[in-house]
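Listing of target-v3.cif, mmCIF, C-alpha atoms
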```cif
data_my_file
loop_
_atom_site.group_PDB
_atom_site.id
_atom_site.type_symbol
_atom_site.label_atom_id
_atom_site.label_comp_id
_atom_site.auth_asym_id
_atom_site.auth_seq_id
_atom_site.Cartn_x
_atom_site.Cartn_y
_atom_site.Cartn_z
ATOM 1 C CA MET A 290 -17.638 -47.951 -53.547
ATOM 2 C CA SER A 291 -19.641 -47.926 -50.358
ATOM 3 C CA GLN A 292 -16.554 -48.956 -48.399
ATOM 4 C CA GLN A 293 -14.560 -46.091 -49.979
ATOM 5 C CA ARG A 294 -17.187 -43.492 -48.983
ATOM 6 C CA ASN A 295 -17.254 -44.861 -45.419
ATOM 7 C CA SER A 296 -13.466 -44.657 -45.226
ATOM 8 C CA GLN A 297 -13.471 -41.043 -46.416
ATOM 9 C CA ALA A 298 -16.165 -40.111 -43.896
ATOM 10 C CA MET A 299 -14.191 -41.694 -41.091
ATOM 11 C CA ARG A 300 -11.059 -39.750 -42.105
ATOM 12 C CA ARG A 301 -13.047 -36.481 -42.117
ATOM 13 C CA ARG A 302 -14.436 -37.221 -38.649
ATOM 14 C CA PHE A 303 -10.961 -38.090 -37.367
ATOM 15 C CA LYS A 304 -9.584 -34.777 -38.688
ATOM 16 C CA ALA A 305 -12.440 -32.900 -37.044
ATOM 17 C CA TYR A 306 -11.817 -34.597 -33.721
ATOM 18 C CA THR A 307 -8.080 -33.938 -33.788
ATOM 19 C CA SER A 308 -8.655 -30.308 -34.803
ATOM 20 C CA ALA A 309 -11.072 -29.818 -31.925
ATOM 21 C CA ALA A 310 -8.675 -31.487 -29.515
ATOM 22 C CA GLY A 311 -5.837 -29.308 -30.728
ATOM 23 C CA ALA A 312 -7.951 -26.190 -30.285
ATOM 24 C CA PHE A 313 -8.841 -27.249 -26.748
ATOM 25 C CA VAL A 314 -5.203 -27.845 -25.820
ATOM 26 C CA ALA A 315 -4.242 -24.486 -27.302
ATOM 27 C CA ALA A 316 -7.025 -22.758 -25.400
ATOM 28 C CA VAL A 317 -5.915 -24.341 -22.127
ATOM 29 C CA ALA A 318 -2.311 -23.316 -22.783
ATOM 30 C CA VAL A 319 -3.306 -19.731 -23.559
ATOM 31 C CA GLY A 320 -5.544 -19.611 -20.512
ATOM 32 C CA MET A 321 -2.742 -20.851 -18.307
ATOM 33 C CA GLY A 322 -0.430 -18.240 -19.761
ATOM 34 C CA PHE A 323 -2.801 -15.394 -19.072
ATOM 35 C CA GLY A 324 -3.571 -16.805 -15.656
ATOM 36 C CA SER A 325 0.098 -16.794 -14.709
ATOM 37 C CA VAL A 326 0.397 -13.173 -15.795
ATOM 38 C CA PHE A 327 -2.541 -12.029 -13.704
ATOM 39 C CA THR A 328 -1.432 -14.096 -10.738
ATOM 40 C CA GLY A 329 2.093 -12.727 -10.977
ATOM 41 C CA SER A 330 0.932 -9.129 -11.154
ATOM 42 C CA ALA A 331 -0.844 -9.506 -7.821
ATOM 43 C CA ILE A 332 1.838 -11.421 -5.918
ATOM 44 C CA ALA A 333 2.292 -10.438 -2.287
ATOM 45 C CA ASN A 334 3.004 -12.245 0.941
ATOM 46 C CA PRO A 335 -0.364 -12.903 2.635
ATOM 47 C CA ASP A 336 1.282 -12.548 6.030
ATOM 48 C CA SER A 337 1.755 -9.122 7.551
ATOM 49 C CA GLY A 338 5.288 -7.779 7.457
ATOM 50 C CA VAL A 339 7.983 -7.442 4.831
ATOM 51 C CA VAL A 340 7.305 -9.083 1.492
ATOM 52 C CA ASN A 341 9.995 -11.487 0.251
ATOM 53 C CA GLU A 342 11.501 -9.441 -2.583
ATOM 54 C CA SER A 343 13.025 -12.426 -4.414
ATOM 55 C CA GLU A 344 9.668 -14.220 -4.533
ATOM 56 C CA VAL A 345 7.880 -11.138 -5.813
ATOM 57 C CA VAL A 346 10.398 -10.413 -8.560
ATOM 58 C CA GLU A 347 10.406 -14.058 -9.644
ATOM 59 C CA GLY A 348 6.632 -14.054 -9.976
ATOM 60 C CA THR A 349 6.365 -10.652 -11.587
ATOM 61 C CA PRO A 350 5.518 -10.652 -15.322
ATOM 62 C CA SER A 351 8.491 -10.013 -17.599
ATOM 63 C CA SER A 352 6.824 -6.832 -18.839
ATOM 64 C CA LEU A 353 7.123 -5.425 -15.317
ATOM 65 C CA ARG A 354 10.643 -6.637 -14.530
ATOM 66 C CA ALA A 355 12.462 -3.737 -16.162
ATOM 67 C CA THR A 356 13.324 -2.305 -12.747
ATOM 68 C CA VAL A 357 13.440 -3.540 -9.193
ATOM 69 C CA GLY A 358 10.626 -1.080 -8.555
ATOM 70 C CA ALA A 359 8.400 -3.280 -10.707
ATOM 71 C CA ALA A 360 7.816 -5.456 -7.671
ATOM 72 C CA ASP A 361 6.252 -2.469 -5.940
ATOM 73 C CA THR A 362 4.061 -1.835 -8.988
ATOM 74 C CA ALA A 363 2.830 -5.426 -8.994
ATOM 75 C CA ARG A 364 1.862 -5.256 -5.345
ATOM 76 C CA PHE A 365 0.129 -1.902 -5.703
ATOM 77 C CA ARG A 366 -1.911 -3.058 -8.712
ATOM 78 C CA ALA A 367 -3.235 -5.949 -6.667
ATOM 79 C CA TYR A 368 -5.329 -3.422 -4.745
ATOM 80 C CA GLU A 369 -6.951 -1.278 -7.438
ATOM 81 C CA GLU A 370 -10.365 -1.644 -5.858
ATOM 82 C CA GLU A 371 -12.507 0.010 -3.210
ATOM 83 C CA TYR A 372 -12.119 -0.786 0.483
ATOM 84 C CA THR A 373 -15.234 -2.552 1.718
ATOM 85 C CA GLY A 374 -14.375 -2.920 5.407
ATOM 86 C CA GLU A 375 -15.043 -0.655 8.351
ATOM 87 C CA VAL A 376 -13.027 1.830 10.390
ATOM 88 C CA PHE A 377 -11.818 0.179 13.577
ATOM 89 C CA THR A 378 -12.876 1.779 16.853
ATOM 90 C CA CYS A 379 -12.827 0.528 20.416
ATOM 91 C CA ASP A 380 -16.066 0.084 22.290
ATOM 92 C CA ALA A 381 -16.382 3.407 24.071
ATOM 93 C CA PRO A 382 -16.092 3.269 27.879
ATOM 94 C CA THR A 383 -18.777 4.684 30.094
ATOM 95 C CA GLY A 384 -19.024 8.432 29.559
ATOM 96 C CA ALA A 385 -17.136 8.485 26.229
ATOM 97 C CA THR A 386 -18.684 11.101 23.966
ATOM 98 C CA SER A 387 -16.504 11.097 20.849
ATOM 99 C CA LEU A 388 -14.634 8.856 18.423
ATOM 100 C CA ALA A 389 -11.309 10.013 19.830
ATOM 101 C CA SER A 390 -12.330 9.166 23.378
ATOM 102 C CA ALA A 391 -12.987 5.568 22.325
ATOM 103 C CA PHE A 392 -9.205 5.136 22.259
ATOM 104 C CA TYR A 393 -8.492 5.513 25.929
ATOM 105 C CA ILE A 394 -5.084 4.003 26.598
ATOM 106 C CA GLU A 395 -3.240 6.075 29.163
ATOM 107 C CA GLY A 396 0.365 7.178 28.603
ATOM 108 C CA ASP A 397 2.515 7.376 25.495
ATOM 109 C CA SER A 398 0.909 4.762 23.263
ATOM 110 C CA VAL A 399 2.061 4.290 19.664
ATOM 111 C CA ALA A 400 0.200 2.514 16.868
ATOM 112 C CA MET A 401 0.879 1.376 13.339
ATOM 113 C CA PRO A 402 -0.718 3.621 10.664
ATOM 114 C CA THR A 403 -2.909 0.881 9.156
ATOM 115 C CA GLN A 404 -4.764 -2.017 10.713
ATOM 116 C CA ALA A 405 -3.219 -5.469 10.261
ATOM 117 C CA GLY A 406 -4.962 -7.411 7.521
ATOM 118 C CA THR A 407 -6.216 -4.345 5.629
ATOM 119 C CA THR A 408 -2.928 -3.581 3.834
ATOM 120 C CA ARG A 409 0.278 -5.311 2.784
ATOM 121 C CA PHE A 410 3.825 -4.080 3.219
ATOM 122 C CA ALA A 411 4.962 -3.121 -0.276
ATOM 123 C CA SER A 412 8.277 -1.259 -0.252
ATOM 124 C CA PRO A 413 10.939 -0.625 2.426
ATOM 125 C CA PHE A 414 12.921 2.449 3.419
ATOM 126 C CA GLY A 415 16.202 3.131 1.626
ATOM 127 C CA TYR A 416 17.691 3.255 -1.847
ATOM 128 C CA ARG A 417 15.816 1.447 -4.582
ATOM 129 C CA SER A 418 15.262 1.485 -8.334
ATOM 130 C CA ASP A 419 12.649 4.123 -9.133
ATOM 131 C CA PRO A 420 9.522 2.350 -10.492
ATOM 132 C CA PHE A 421 9.028 5.136 -13.058
ATOM 133 C CA ASN A 422 12.463 5.609 -14.586
ATOM 134 C CA GLY A 423 14.720 2.897 -13.141
ATOM 135 C CA THR A 424 17.241 5.269 -11.570
ATOM 136 C CA SER A 425 18.582 4.651 -8.070
ATOM 137 C CA THR A 426 16.712 6.944 -5.683
ATOM 138 C CA MET A 427 16.221 7.249 -1.950
ATOM 139 C CA HIS A 428 12.837 5.979 -0.818
ATOM 140 C CA LYS A 429 12.280 8.210 2.198
ATOM 141 C CA GLY A 430 9.578 6.118 3.790
ATOM 142 C CA VAL A 431 7.784 2.803 3.573
ATOM 143 C CA ASP A 432 4.733 1.817 1.549
ATOM 144 C CA TRP A 433 1.646 -0.185 2.447
ATOM 145 C CA SER A 434 -0.605 -1.092 -0.483
ATOM 146 C CA GLY A 435 -4.338 -1.342 0.050
ATOM 147 C CA PRO A 436 -7.676 -0.645 -1.589
ATOM 148 C CA VAL A 437 -8.742 2.960 -2.079
ATOM 149 C CA GLY A 438 -10.574 4.054 1.058
ATOM 150 C CA THR A 439 -8.624 1.874 3.497
ATOM 151 C CA PRO A 440 -8.430 3.733 6.849
ATOM 152 C CA ILE A 441 -5.192 5.405 7.953
ATOM 153 C CA TYR A 442 -4.665 6.058 11.669
ATOM 154 C CA SER A 443 -2.535 8.535 13.610
ATOM 155 C CA VAL A 444 0.447 6.712 15.089
ATOM 156 C CA ALA A 445 0.382 8.738 18.309
ATOM 157 C CA ASP A 446 -1.249 11.668 20.065
ATOM 158 C CA GLY A 447 -0.234 14.891 18.357
ATOM 159 C CA THR A 448 -0.973 18.082 16.484
ATOM 160 C CA VAL A 449 -1.588 18.299 12.744
ATOM 161 C CA VAL A 450 1.022 20.752 11.455
ATOM 162 C CA TYR A 451 0.483 20.456 7.704
ATOM 163 C CA VAL A 452 -2.283 19.405 5.321
ATOM 164 C CA GLY A 453 -1.977 20.073 1.604
ATOM 165 C CA THR A 454 -0.232 19.292 -1.644
ATOM 166 C CA GLY A 455 3.262 17.911 -1.520
ATOM 167 C CA ARG A 456 4.874 20.857 -3.292
ATOM 168 C CA GLU A 457 5.546 22.842 -0.115
ATOM 169 C CA VAL A 458 7.142 19.858 1.634
ATOM 170 C CA ALA A 459 9.110 18.550 -1.371
ATOM 171 C CA ARG A 460 6.808 15.546 -1.830
ATOM 172 C CA THR A 461 4.138 14.336 -4.219
ATOM 173 C CA GLN A 462 0.518 14.977 -3.305
ATOM 174 C CA ASN A 463 -1.325 14.900 -0.970
ATOM 175 C CA VAL A 464 0.312 15.127 2.465
ATOM 176 C CA VAL A 465 -0.651 15.147 6.150
ATOM 177 C CA VAL A 466 2.076 15.840 8.741
ATOM 178 C CA ILE A 467 1.474 15.318 12.474
ATOM 179 C CA GLU A 468 3.891 16.318 15.234
ATOM 180 C CA HIS A 469 4.141 14.028 18.265
ATOM 181 C CA GLU A 470 5.973 13.752 21.568
ATOM 182 C CA VAL A 471 6.304 10.246 22.986
ATOM 183 C CA ASN A 472 8.378 9.509 26.088
ATOM 184 C CA GLY A 473 10.007 12.914 25.684
ATOM 185 C CA GLU A 474 10.949 12.250 22.042
ATOM 186 C CA VAL A 475 9.588 14.678 19.443
ATOM 187 C CA PHE A 476 8.994 13.512 15.882
ATOM 188 C CA THR A 477 6.653 13.994 12.937
ATOM 189 C CA SER A 478 4.748 11.374 10.993
ATOM 190 C CA TRP A 479 4.024 11.963 7.284
ATOM 191 C CA TYR A 480 1.144 10.369 5.340
ATOM 192 C CA ILE A 481 1.113 10.693 1.537
ATOM 193 C CA HIS A 482 -0.965 9.874 -1.613
ATOM 194 C CA MET A 483 -4.444 10.412 -0.137
ATOM 195 C CA TYR A 484 -7.170 12.011 -2.235
ATOM 196 C CA LEU A 485 -8.330 15.375 -0.890
ATOM 197 C CA ASP A 486 -11.764 13.968 -0.011
ATOM 198 C CA GLY A 487 -9.999 11.199 1.895
ATOM 199 C CA ILE A 488 -8.330 13.548 4.410
ATOM 200 C CA PHE A 489 -10.298 14.129 7.622
ATOM 201 C CA VAL A 490 -8.045 16.453 9.643
ATOM 202 C CA THR A 491 -7.052 20.113 9.421
ATOM 203 C CA GLU A 492 -3.969 22.076 10.433
ATOM 204 C CA GLY A 493 -3.868 22.828 14.148
ATOM 205 C CA GLN A 494 -6.167 19.939 15.037
ATOM 206 C CA GLN A 495 -5.296 17.753 18.029
ATOM 207 C CA VAL A 496 -5.477 14.045 17.253
ATOM 208 C CA SER A 497 -5.268 10.915 19.380
ATOM 209 C CA VAL A 498 -3.334 7.706 18.828
ATOM 210 C CA GLY A 499 -5.357 5.414 16.592
ATOM 211 C CA GLU A 500 -7.633 8.193 15.359
ATOM 212 C CA HIS A 501 -8.906 7.790 11.793
ATOM 213 C CA ILE A 502 -7.211 10.692 9.987
ATOM 214 C CA ALA A 503 -7.395 9.729 6.301
ATOM 215 C CA ASN A 504 -7.995 7.006 3.729
ATOM 216 C CA ILE A 505 -5.586 5.383 1.306
ATOM 217 C CA GLY A 506 -5.669 6.958 -2.163
ATOM 218 C CA ASN A 507 -3.698 7.004 -5.385
ATOM 219 C CA ALA A 508 -2.909 10.719 -5.783
ATOM 220 C CA GLY A 509 0.312 12.134 -7.140
ATOM 221 C CA ARG A 510 3.300 10.153 -8.385
ATOM 222 C CA SER A 511 2.009 6.701 -7.607
ATOM 223 C CA THR A 512 1.889 3.304 -9.300
ATOM 224 C CA GLY A 513 -1.266 2.246 -7.463
ATOM 225 C CA PRO A 514 -3.287 2.798 -4.269
ATOM 226 C CA HIS A 515 -1.047 2.853 -1.220
ATOM 227 C CA LEU A 516 0.085 4.774 1.840
ATOM 228 C CA HIS A 517 3.585 6.233 1.705
ATOM 229 C CA PHE A 518 4.564 6.785 5.337
ATOM 230 C CA GLU A 519 7.564 8.650 6.771
ATOM 231 C CA ILE A 520 9.010 9.401 10.209
ATOM 232 C CA HIS A 521 11.174 12.511 10.841
ATOM 233 C CA PRO A 522 12.896 12.997 14.214
ATOM 234 C CA GLY A 523 12.472 16.441 15.764
ATOM 235 C CA SER A 524 9.895 19.156 15.344
ATOM 236 C CA PHE A 525 8.381 20.094 12.000
ATOM 237 C CA PRO A 526 11.019 22.394 10.433
ATOM 238 C CA GLY A 527 8.599 24.635 8.550
ATOM 239 C CA PHE A 528 9.070 25.883 5.010
ATOM 240 C CA PRO A 529 10.888 25.418 2.797
ATOM 241 C CA ILE A 530 11.815 21.768 3.295
ATOM 242 C CA THR A 531 15.463 21.628 2.244
ATOM 243 C CA ASP A 532 17.913 18.728 2.124
ATOM 244 C CA ALA A 533 19.485 20.055 5.327
ATOM 245 C CA VAL A 534 16.292 19.475 7.310
ATOM 246 C CA ASP A 535 14.760 16.623 5.297
ATOM 247 C CA ASN A 536 15.911 13.858 7.639
ATOM 248 C CA PRO A 537 13.608 10.818 7.532
ATOM 249 C CA VAL A 538 14.514 7.561 9.279
ATOM 250 C CA ASP A 539 13.316 4.003 8.801
ATOM 251 C CA PRO A 540 9.721 4.119 10.105
ATOM 252 C CA ILE A 541 9.541 0.411 10.882
ATOM 253 C CA SER A 542 12.582 0.452 13.160
ATOM 254 C CA PHE A 543 11.528 3.745 14.732
ATOM 255 C CA LEU A 544 7.999 2.612 15.569
ATOM 256 C CA ALA A 545 9.258 -0.749 16.813
ATOM 257 C CA GLY A 546 11.579 1.091 19.196
ATOM 258 C CA LEU A 547 8.570 2.885 20.654
ATOM 259 C CA GLY A 548 6.594 -0.338 21.049
ATOM 260 C CA ALA A 549 4.034 0.402 18.334
ATOM 261 C CA ARG A 550 0.956 -1.812 18.355
ATOM 262 C CA ASP A 551 -1.835 -2.564 15.939
ATOM 263 C CA VAL A 552 -4.852 -0.290 16.452
ATOM 264 C CA THR A 553 -6.886 -3.318 17.515
ATOM 265 C CA ASN A 554 -4.624 -3.600 20.564
ATOM 266 C CA LEU A 555 -5.149 -0.021 21.750
ATOM 267 C CA CYS A 556 -8.406 -0.675 23.531
ATOM 268 C CA GLY A 557 -8.335 -0.699 27.309
#
```
Render the structure in this file as structure tokens.
Amino acid sequence: MSQQRNSQAMRRRFKAYTSAAGAFVAAVAVGMGFGSVFTGSAIANPDSGVVNESEVVEGTPSSLRATVGAADTARFRAYEEEYTGEVFTCDAPTGATSLASAFYIEGDSVAMPTQAGTTRFASPFGYRSDPFNGTSTMHKGVDWSGPVGTPIYSVADGTVVYVGTGREVARTQNVVVIEHEVNGEVFTSWYIHMYLDGIFVTEGQQVSVGEHIANIGNAGRSTGPHLHFEIHPGSFPGFPITDAVDNPVDPISFLAGLGARDVTNLCG
């Protein structure tokens, strides 16, 4: 009788152990599943430059793979946080009295609109699948994803010709347009999606290359915090912005042709 009770007790303990082990294995499997989802949603190439689209799509959760634009969404969502760094400025030379004068390169210098390491390239210029509805649409600029508050810099010396909502310039909100002339070539640079309190320039203001003009936001038609950046050859056409004058070009190629540098390389 005693042996029978001992045998039953051992069987109960064995069942308890196997149940606990099964629960542990299940928990690990579930945890790994959720971990892969969160990791996939934040996939981006840690190096500066163009993100490998095939790698991003492969690692993107199935719930986000409905359109090619889902890769953009995944990268943008990786940055839904506040920027905790600082605005880059050069050490001012002797006699410098303002932030703008700290950037003192002579001649027609050109810079990238964000500092390397603070953002990641998220979406190129050209036709793509719209991340909202999946239709093929022209992406008229390039996108850099980054935390809200990440500094945006003027790509060249110029004059601010427009600050406001995107409605008047056939864009989503909010927009800053700066007109430049570099090596005799006139063009405008467009910066989009900033919050109103993250815009630090006004129409008519003269700005210098590398000057802090705004911060990355998530305003308007956006899947996450990022800078949408455009380049338009020629002078600002004024209003209304029609298809006949809405002539953006690939910003990366354009800036490369002008020898654009990171803002950290502007200091003399």
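Of note, CA of Gly499 (chain A) and CA of Val376 (chain A) are spaced 10.5 Å apart.
With all atoms listed in the file as the atoms that count, the residue of A:Gly435, A:Pro440, A:Gly374, A:Gly415 with the shortest distance to Val552 (chain A) is A:Pro440.
Contact shell of Tyr372 (chain A) at 9 Å (all atoms listed in the file; same-chain neighbours under 4 positions omitted): Tyr368, Thr407, Gly435, Pro436, Val437, Gly438, Thr439 and Pro440 of chain A.
For the choices A:Pro529, A:Gly447, A:Gly513, A:Pro522, the atom-to-atom distance to Gln495 (chain A) is smallest for A:Gly447 when using all atoms listed in the file.
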Expanded to explicit residues, what is the PyMOL selection byres ((chain A and resi 431) around 7) for this file, as a PDB file with C-alpha atoms, in the coordinates of the input?
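Contents of out-v3.pdb, as written:
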```
ATOM      1  CA  SER A 412       8.277  -1.259  -0.252  1.00  0.00           C
ATOM      2  CA  PRO A 413      10.939  -0.625   2.426  1.00  0.00           C
ATOM      3  CA  PHE A 414      12.921   2.449   3.419  1.00  0.00           C
ATOM      4  CA  GLY A 430       9.578   6.118   3.790  1.00  0.00           C
ATOM      5  CA  ASP A 432       4.733   1.817   1.549  1.00  0.00           C
ATOM      6  CA  TRP A 433       1.646  -0.185   2.447  1.00  0.00           C
ATOM      7  CA  HIS A 517       3.585   6.233   1.705  1.00  0.00           C
ATOM      8  CA  PHE A 518       4.564   6.785   5.337  1.00  0.00           C
ATOM      9  CA  GLU A 519       7.564   8.650   6.771  1.00  0.00           C
ATOM     10  CA  PRO A 540       9.721   4.119  10.105  1.00  0.00           C
TER      11      PRO A 540
END
```
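The gap separating CA of Phe543 (chain A) from CA of Asp419 (chain A) is 23.9 Å, in Å to one decimal.
The result of the PyMOL selection byres ((chain A and resi 471) around 9) on the shown file is Gly396, Asp397, Ser398, Val399, Ala445, Asp446, His469, Glu470, Asn472, Gly473, Glu474, Val475, Phe476 and Leu547 of chain A.
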Original post:
At what distance in Å, to one decimal, does CA of His521 (chain A) lie from CA of Thr403 (chain A)?
Top reply: 18.3 Å
Kindly provide, as JSON, the centre and edge lengths (Å, one decimal) of an axis-aligned box around all atoms of region 539-553 of chain A given in the file, with 4 Å on each side.
```
{"center_x": 3.2, "center_y": 0.4, "center_z": 14.9, "size_x": 28.2, "size_y": 15.4, "size_z": 20.2}
```
Subject >> Minimum-distance residue to Gly406 (chain A), chosen among A:Phe377, A:Asp532, A:Val458, A:Leu544 (using all atoms listed in the file) >> reply: A:Phe377
Original post:
Which is closer to Ile530 (chain A) than all the others in A:Arg460, A:Ala400, A:Lys429, A:Gly493, using all atoms listed in the file?
Top reply: A:Arg460
